[in-house]
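Asks: Below is a structure I'd like to ask you about.
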Amino acid sequence: MSPVRGPLVRDGVVRGPVRRPWRLAAEVTALLVAAVVAFPLYWMLLSAFRPAGEIESTQPRPWTSSPSLDSFRRVLEQHEFGRYFVNSLVVAVSVVIASALIAFLAATAVTRFRFRFRTTLLIMFLMAQMVPVEALTIPLFFLMRDFGQLNTLGSLILPHTAFSLPFAIWMLRGFVKAVPESLEEAAYLDGASRGRFLWQILFPLVLPGLVATSVFSFISAWNDFLFAKSFIISDTSQSTLPMALLVFYKPDEPDWGGVMAASTVMTIPVLVFFVLVQRRLVSGLGGAVKD
(Lines give C-alpha, C1' and ligand atoms only; values in the text may rest on other atoms or scores of the structure.)
Protein backbone atom coordinates (compact mmCIF):
# COMPACT_ATOMS: atom_id res chain seq x y z
CA MET A 1 0.00 0.00 0.00
CA SER A 2 1.61 3.28 -1.11
CA PRO A 3 2.02 5.94 1.55
CA VAL A 4 -0.13 9.05 1.38
CA ARG A 5 1.89 12.11 0.60
CA GLY A 6 1.14 14.95 3.00
CA PRO A 7 1.77 18.68 2.64
CA LEU A 8 5.30 19.69 1.64
CA VAL A 9 7.24 22.54 3.22
CA ARG A 10 9.48 24.46 0.84
CA ASP A 11 11.17 27.76 1.67
CA GLY A 12 8.99 28.09 4.74
CA VAL A 13 5.78 27.79 2.67
CA VAL A 14 3.37 24.89 3.15
CA ARG A 15 2.42 23.46 -0.20
CA GLY A 16 -0.27 20.91 -1.00
CA PRO A 17 0.38 17.24 -1.83
CA VAL A 18 1.95 16.50 -5.18
CA ARG A 19 -0.48 15.04 -7.70
CA ARG A 20 0.87 12.30 -9.85
CA PRO A 21 0.14 12.61 -13.59
CA TRP A 22 -1.56 9.19 -13.76
CA ARG A 23 -3.95 10.15 -10.96
CA LEU A 24 -4.87 13.41 -12.67
CA ALA A 25 -5.47 11.51 -15.92
CA ALA A 26 -7.66 8.99 -14.10
CA GLU A 27 -9.74 11.76 -12.55
CA VAL A 28 -10.21 13.52 -15.88
CA THR A 29 -11.19 10.23 -17.52
CA ALA A 30 -13.69 9.52 -14.74
CA LEU A 31 -15.27 12.95 -15.19
CA LEU A 32 -15.55 12.44 -18.96
CA VAL A 33 -17.16 9.02 -18.51
CA ALA A 34 -19.57 10.44 -15.92
CA ALA A 35 -20.50 13.27 -18.30
CA VAL A 36 -21.16 10.82 -21.15
CA VAL A 37 -23.32 8.63 -18.89
CA ALA A 38 -25.23 11.58 -17.40
CA PHE A 39 -25.90 13.37 -20.70
CA PRO A 40 -28.90 11.18 -21.76
CA LEU A 41 -30.46 11.75 -18.33
CA TYR A 42 -29.89 15.49 -18.66
CA TRP A 43 -31.44 15.52 -22.14
CA MET A 44 -34.45 13.55 -20.89
CA LEU A 45 -35.01 16.01 -18.04
CA LEU A 46 -34.47 18.98 -20.37
CA SER A 47 -36.97 17.63 -22.91
CA ALA A 48 -39.52 17.08 -20.15
CA PHE A 49 -39.40 20.79 -19.25
CA ARG A 50 -39.28 22.10 -22.81
CA PRO A 51 -42.42 23.54 -24.44
CA ALA A 52 -43.76 21.73 -27.47
CA GLY A 53 -42.28 24.26 -29.91
CA GLU A 54 -38.71 23.68 -28.72
CA ILE A 55 -39.06 19.89 -28.73
CA GLU A 56 -40.15 19.89 -32.37
CA SER A 57 -37.48 22.40 -33.42
CA THR A 58 -35.00 21.31 -36.09
CA GLN A 59 -32.21 23.14 -34.23
CA PRO A 60 -32.17 21.71 -30.71
CA ARG A 61 -30.24 23.56 -28.01
CA PRO A 62 -28.78 22.09 -24.80
CA TRP A 63 -30.88 24.50 -22.71
CA THR A 64 -34.35 26.03 -22.64
CA SER A 65 -35.21 29.67 -22.16
CA SER A 66 -38.85 29.05 -21.21
CA PRO A 67 -39.27 25.92 -19.06
CA SER A 68 -42.78 24.54 -18.87
CA LEU A 69 -44.65 21.97 -16.75
CA ASP A 70 -47.21 21.18 -19.45
CA SER A 71 -45.68 17.76 -20.19
CA PHE A 72 -45.80 16.76 -16.51
CA ARG A 73 -49.37 18.03 -16.30
CA ARG A 74 -50.43 15.83 -19.20
CA VAL A 75 -48.74 12.84 -17.60
CA LEU A 76 -50.29 13.30 -14.17
CA GLU A 77 -53.71 14.01 -15.62
CA GLN A 78 -53.66 10.74 -17.52
CA HIS A 79 -56.39 8.83 -15.65
CA GLU A 80 -54.60 5.46 -15.56
CA PHE A 81 -51.16 6.78 -14.63
CA GLY A 82 -51.69 6.44 -10.87
CA ARG A 83 -52.83 2.84 -11.26
CA TYR A 84 -49.81 2.04 -13.42
CA PHE A 85 -47.54 3.56 -10.78
CA VAL A 86 -49.07 1.45 -7.98
CA ASN A 87 -48.86 -1.71 -10.10
CA SER A 88 -45.16 -1.12 -10.82
CA LEU A 89 -44.51 -0.50 -7.14
CA VAL A 90 -46.30 -3.70 -6.13
CA VAL A 91 -44.37 -5.75 -8.69
CA ALA A 92 -40.96 -4.26 -7.81
CA VAL A 93 -41.39 -4.52 -4.02
CA SER A 94 -42.74 -8.08 -4.27
CA VAL A 95 -39.80 -9.13 -6.45
CA VAL A 96 -37.29 -7.52 -4.07
CA ILE A 97 -38.74 -9.20 -0.96
CA ALA A 98 -39.27 -12.62 -2.54
CA SER A 99 -35.90 -12.78 -4.29
CA ALA A 100 -34.02 -11.55 -1.19
CA LEU A 101 -35.56 -14.14 1.14
CA ILE A 102 -35.25 -17.05 -1.28
CA ALA A 103 -31.70 -16.10 -2.29
CA PHE A 104 -30.66 -15.77 1.36
CA LEU A 105 -31.94 -19.25 2.23
CA ALA A 106 -30.49 -20.78 -0.95
CA ALA A 107 -27.09 -19.14 -0.47
CA THR A 108 -26.98 -20.37 3.12
CA ALA A 109 -27.86 -23.89 2.00
CA VAL A 110 -25.22 -24.14 -0.74
CA THR A 111 -22.56 -22.60 1.54
CA ARG A 112 -23.14 -24.21 4.93
CA PHE A 113 -24.43 -27.67 3.96
CA ARG A 114 -22.73 -30.50 2.11
CA PHE A 115 -24.91 -32.42 -0.33
CA ARG A 116 -24.63 -34.14 -3.69
CA PHE A 117 -24.64 -32.09 -6.89
CA ARG A 118 -23.98 -28.87 -4.98
CA THR A 119 -21.36 -27.74 -7.50
CA THR A 120 -23.63 -28.74 -10.37
CA LEU A 121 -26.41 -26.66 -8.88
CA LEU A 122 -24.17 -23.62 -8.63
CA ILE A 123 -23.08 -24.03 -12.25
CA MET A 124 -26.74 -24.26 -13.27
CA PHE A 125 -27.38 -20.97 -11.47
CA LEU A 126 -24.58 -19.37 -13.46
CA MET A 127 -25.81 -20.83 -16.75
CA ALA A 128 -29.34 -19.61 -16.04
CA GLN A 129 -27.96 -16.08 -15.78
CA MET A 130 -26.50 -16.38 -19.29
CA VAL A 131 -29.79 -17.25 -21.01
CA PRO A 132 -31.25 -14.16 -22.76
CA VAL A 133 -34.66 -13.13 -21.51
CA GLU A 134 -36.00 -12.73 -25.05
CA ALA A 135 -35.43 -16.42 -25.77
CA LEU A 136 -37.68 -17.43 -22.86
CA THR A 137 -40.53 -14.98 -23.37
CA ILE A 138 -42.64 -17.26 -25.59
CA PRO A 139 -42.24 -20.37 -23.35
CA LEU A 140 -43.06 -18.22 -20.32
CA PHE A 141 -46.15 -16.90 -22.08
CA PHE A 142 -47.52 -20.42 -22.55
CA LEU A 143 -46.54 -21.29 -18.98
CA MET A 144 -48.41 -18.30 -17.57
CA ARG A 145 -51.39 -19.12 -19.77
CA ASP A 146 -51.53 -22.68 -18.46
CA PHE A 147 -51.29 -21.41 -14.87
CA GLY A 148 -54.03 -18.86 -15.51
CA GLN A 149 -51.74 -15.93 -14.64
CA LEU A 150 -52.09 -13.87 -17.82
CA ASN A 151 -53.36 -10.33 -17.26
CA THR A 152 -52.32 -10.46 -13.61
CA LEU A 153 -49.43 -8.95 -11.70
CA GLY A 154 -48.36 -12.48 -10.78
CA SER A 155 -47.27 -13.02 -14.39
CA LEU A 156 -44.70 -10.25 -13.84
CA ILE A 157 -43.67 -11.07 -10.27
CA LEU A 158 -42.88 -14.75 -10.85
CA PRO A 159 -40.55 -14.39 -13.89
CA HIS A 160 -38.66 -11.44 -12.44
CA THR A 161 -38.16 -13.29 -9.16
CA ALA A 162 -36.84 -16.30 -11.05
CA PHE A 163 -34.45 -14.22 -13.18
CA SER A 164 -33.16 -12.31 -10.14
CA LEU A 165 -32.33 -15.41 -8.10
CA PRO A 166 -29.18 -16.69 -9.90
CA PHE A 167 -27.33 -13.39 -9.52
CA ALA A 168 -28.55 -12.91 -5.95
CA ILE A 169 -27.55 -16.43 -4.87
CA TRP A 170 -24.08 -16.14 -6.37
CA MET A 171 -23.47 -12.80 -4.71
CA LEU A 172 -24.88 -13.77 -1.31
CA ARG A 173 -22.88 -16.98 -1.35
CA GLY A 174 -19.71 -14.94 -0.86
CA PHE A 175 -21.21 -12.99 2.03
CA VAL A 176 -22.43 -16.11 3.82
CA LYS A 177 -19.08 -17.81 3.28
CA ALA A 178 -17.28 -14.80 4.75
CA VAL A 179 -19.11 -15.20 8.07
CA PRO A 180 -16.75 -17.31 10.22
CA GLU A 181 -17.95 -20.75 11.22
CA SER A 182 -16.62 -20.09 14.71
CA LEU A 183 -19.40 -17.54 15.14
CA GLU A 184 -21.97 -20.19 14.28
CA GLU A 185 -20.41 -22.69 16.67
CA ALA A 186 -20.33 -20.10 19.46
CA ALA A 187 -24.01 -19.37 18.90
CA TYR A 188 -24.89 -23.06 19.16
CA LEU A 189 -22.85 -23.39 22.34
CA ASP A 190 -24.81 -20.49 23.81
CA GLY A 191 -28.05 -22.36 23.15
CA ALA A 192 -29.16 -20.65 19.94
CA SER A 193 -31.17 -22.80 17.56
CA ARG A 194 -30.42 -22.98 13.85
CA GLY A 195 -33.38 -20.76 13.06
CA ARG A 196 -32.35 -18.16 15.62
CA PHE A 197 -28.79 -18.09 14.28
CA LEU A 198 -30.12 -17.80 10.75
CA TRP A 199 -32.41 -14.82 11.30
CA GLN A 200 -30.92 -13.00 14.30
CA ILE A 201 -27.19 -13.39 13.60
CA LEU A 202 -26.50 -14.41 10.01
CA PHE A 203 -29.22 -12.32 8.36
CA PRO A 204 -28.02 -8.95 9.78
CA LEU A 205 -24.42 -9.76 8.83
CA VAL A 206 -25.25 -10.42 5.17
CA LEU A 207 -27.76 -7.56 4.97
CA PRO A 208 -25.38 -5.35 2.90
CA GLY A 209 -25.22 -8.10 0.29
CA LEU A 210 -29.01 -8.39 0.32
CA VAL A 211 -29.29 -4.66 -0.30
CA ALA A 212 -26.88 -4.85 -3.23
CA THR A 213 -28.85 -7.67 -4.86
CA SER A 214 -32.14 -5.90 -4.10
CA VAL A 215 -31.03 -2.91 -6.18
CA PHE A 216 -30.56 -5.19 -9.19
CA SER A 217 -33.94 -6.86 -8.61
CA PHE A 218 -35.75 -3.55 -8.13
CA ILE A 219 -34.35 -1.92 -11.28
CA SER A 220 -35.01 -4.94 -13.52
CA ALA A 221 -38.61 -5.26 -12.29
CA TRP A 222 -39.33 -1.53 -12.32
CA ASN A 223 -38.07 -0.92 -15.86
CA ASP A 224 -39.52 -4.07 -17.41
CA PHE A 225 -41.36 -3.58 -20.67
CA LEU A 226 -41.00 -6.95 -22.41
CA PHE A 227 -42.91 -9.07 -19.89
CA ALA A 228 -45.51 -6.36 -19.29
CA LYS A 229 -46.17 -6.11 -23.02
CA SER A 230 -46.25 -9.90 -23.49
CA PHE A 231 -48.27 -11.04 -20.46
CA ILE A 232 -50.68 -8.14 -19.89
CA ILE A 233 -52.79 -8.44 -23.02
CA SER A 234 -56.35 -7.24 -22.47
CA ASP A 235 -56.68 -6.02 -18.87
CA THR A 236 -55.06 -2.57 -18.92
CA SER A 237 -55.79 -2.13 -15.20
CA GLN A 238 -52.89 -4.53 -14.54
CA SER A 239 -50.40 -2.61 -16.69
CA THR A 240 -47.24 -1.04 -15.28
CA LEU A 241 -45.49 2.29 -15.79
CA PRO A 242 -43.42 1.31 -18.87
CA MET A 243 -46.70 0.55 -20.60
CA ALA A 244 -47.87 4.10 -19.80
CA LEU A 245 -45.26 5.39 -22.23
CA LEU A 246 -47.28 3.90 -25.09
CA VAL A 247 -50.13 6.27 -24.25
CA PHE A 248 -47.94 9.22 -25.25
CA TYR A 249 -46.25 7.52 -28.18
CA LYS A 250 -48.47 7.66 -31.23
CA PRO A 251 -47.08 6.56 -34.61
CA ASP A 252 -48.45 9.60 -36.44
CA GLU A 253 -47.86 12.28 -33.79
CA PRO A 254 -45.77 11.13 -30.81
CA ASP A 255 -45.89 13.30 -27.71
CA TRP A 256 -42.16 13.40 -26.96
CA GLY A 257 -42.68 15.83 -24.10
CA GLY A 258 -45.10 13.41 -22.45
CA VAL A 259 -42.74 10.49 -23.05
CA MET A 260 -39.81 12.33 -21.46
CA ALA A 261 -41.93 13.59 -18.56
CA ALA A 262 -43.26 10.10 -17.87
CA SER A 263 -39.72 8.70 -18.05
CA THR A 264 -38.57 11.36 -15.58
CA VAL A 265 -41.36 10.43 -13.17
CA MET A 266 -40.35 6.77 -13.54
CA THR A 267 -36.80 7.51 -12.40
CA ILE A 268 -37.90 9.19 -9.14
CA PRO A 269 -38.67 5.94 -7.22
CA VAL A 270 -35.35 4.47 -8.36
CA LEU A 271 -33.49 7.53 -7.05
CA VAL A 272 -35.41 7.38 -3.77
CA PHE A 273 -34.57 3.69 -3.42
CA PHE A 274 -30.88 4.40 -4.05
CA VAL A 275 -30.86 7.16 -1.44
CA LEU A 276 -32.48 4.91 1.16
CA VAL A 277 -30.04 2.03 0.65
CA GLN A 278 -26.95 4.04 -0.28
CA ARG A 279 -24.88 3.33 2.82
CA ARG A 280 -25.61 -0.37 2.90
CA LEU A 281 -25.16 -0.60 -0.85
CA VAL A 282 -21.61 0.80 -0.64
CA SER A 283 -20.66 -1.64 2.13
CA GLY A 284 -22.35 -4.46 0.25
CA LEU A 285 -20.37 -3.84 -2.93
CA GLY A 286 -17.15 -3.21 -1.00
CA GLY A 287 -16.90 -6.48 0.84
CA ALA A 288 -18.29 -8.80 3.46
CA VAL A 289 -17.78 -9.62 7.11
CA LYS A 290 -14.24 -10.36 8.22
CA ASP A 291 -13.22 -12.88 10.85
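Following the order of the C-alpha coordinates, first chain is A, next is B, and so on, with residues numbered from 1 inside each chain and ligands from 1 in the order they appear.
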Counting only C-alpha atoms, give me one row per residue of range 242-267 of chain A with an atom at most 9 Å from an atom of range 65-72 of chain A, showing the shortest contact pair and its distance in Å to one decimal, sorted by chain then residue number, as a tab-separated table.
Replies:
```
residue	atom	partner	partner_atom	distance
A:Asp255	CA	A:Ser71	CA	8.7
A:Trp256	CA	A:Ser71	CA	8.8
A:Gly257	CA	A:Ser71	CA	5.3
A:Gly258	CA	A:Ser71	CA	4.9
A:Val259	CA	A:Ser71	CA	8.4
A:Met260	CA	A:Ser71	CA	8.1
A:Ala261	CA	A:Phe72	CA	5.4
A:Ala262	CA	A:Phe72	CA	7.2
A:Val265	CA	A:Phe72	CA	8.4
```
Asks: Show which residues sit within 8 Å of range 230-244 of chain A, as a VMD selection string. Count only C-alpha atoms, and ignore same-chain residues fewer than 5 positions away.
Replies: chain A and resid 80 to 81 83 to 88 137 141 144 150 to 153 155 to 156 223 to 225 262 266
Asks: Any idea what the distance is between CA of Ala52 in chain A and CA of His79 in chain A?
Replies: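 Going from CA of Ala52 in chain A over to CA of His79 in chain A covers 21.6 Å.
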Asks: Per DSSP on the backbone, filter range 124-178 of chain A down to the residues in alpha helix (DSSP H) and report them as a ChimeraX atom specification.
Replies: /A:124-130,133-146,154-178
Asks: Rounded to one decimal place, report the CA of Ile157 in chain A-CA of Trp222 in chain A distance in Å.
Replies: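 Here the two named atoms are 10.7 Å from each other.
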Asks: What's around Ile97 in chain A at 10 Å? Count only C-alpha atoms, leave out sequence neighbours fewer than 3 positions away in its own chain, and write the answer as number ranges by chain.
Replies: A: 92-94, 100-103, 161, 210, 214, 217-218
Asks: Looking at only C-alpha atoms, which of A:Ser164, A:Ser182, A:Gln200, A:Ser263 is the one that sits closest to Val133 in chain A?
Replies: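 So, comparing all the options, the nearest one is A:Ser164.
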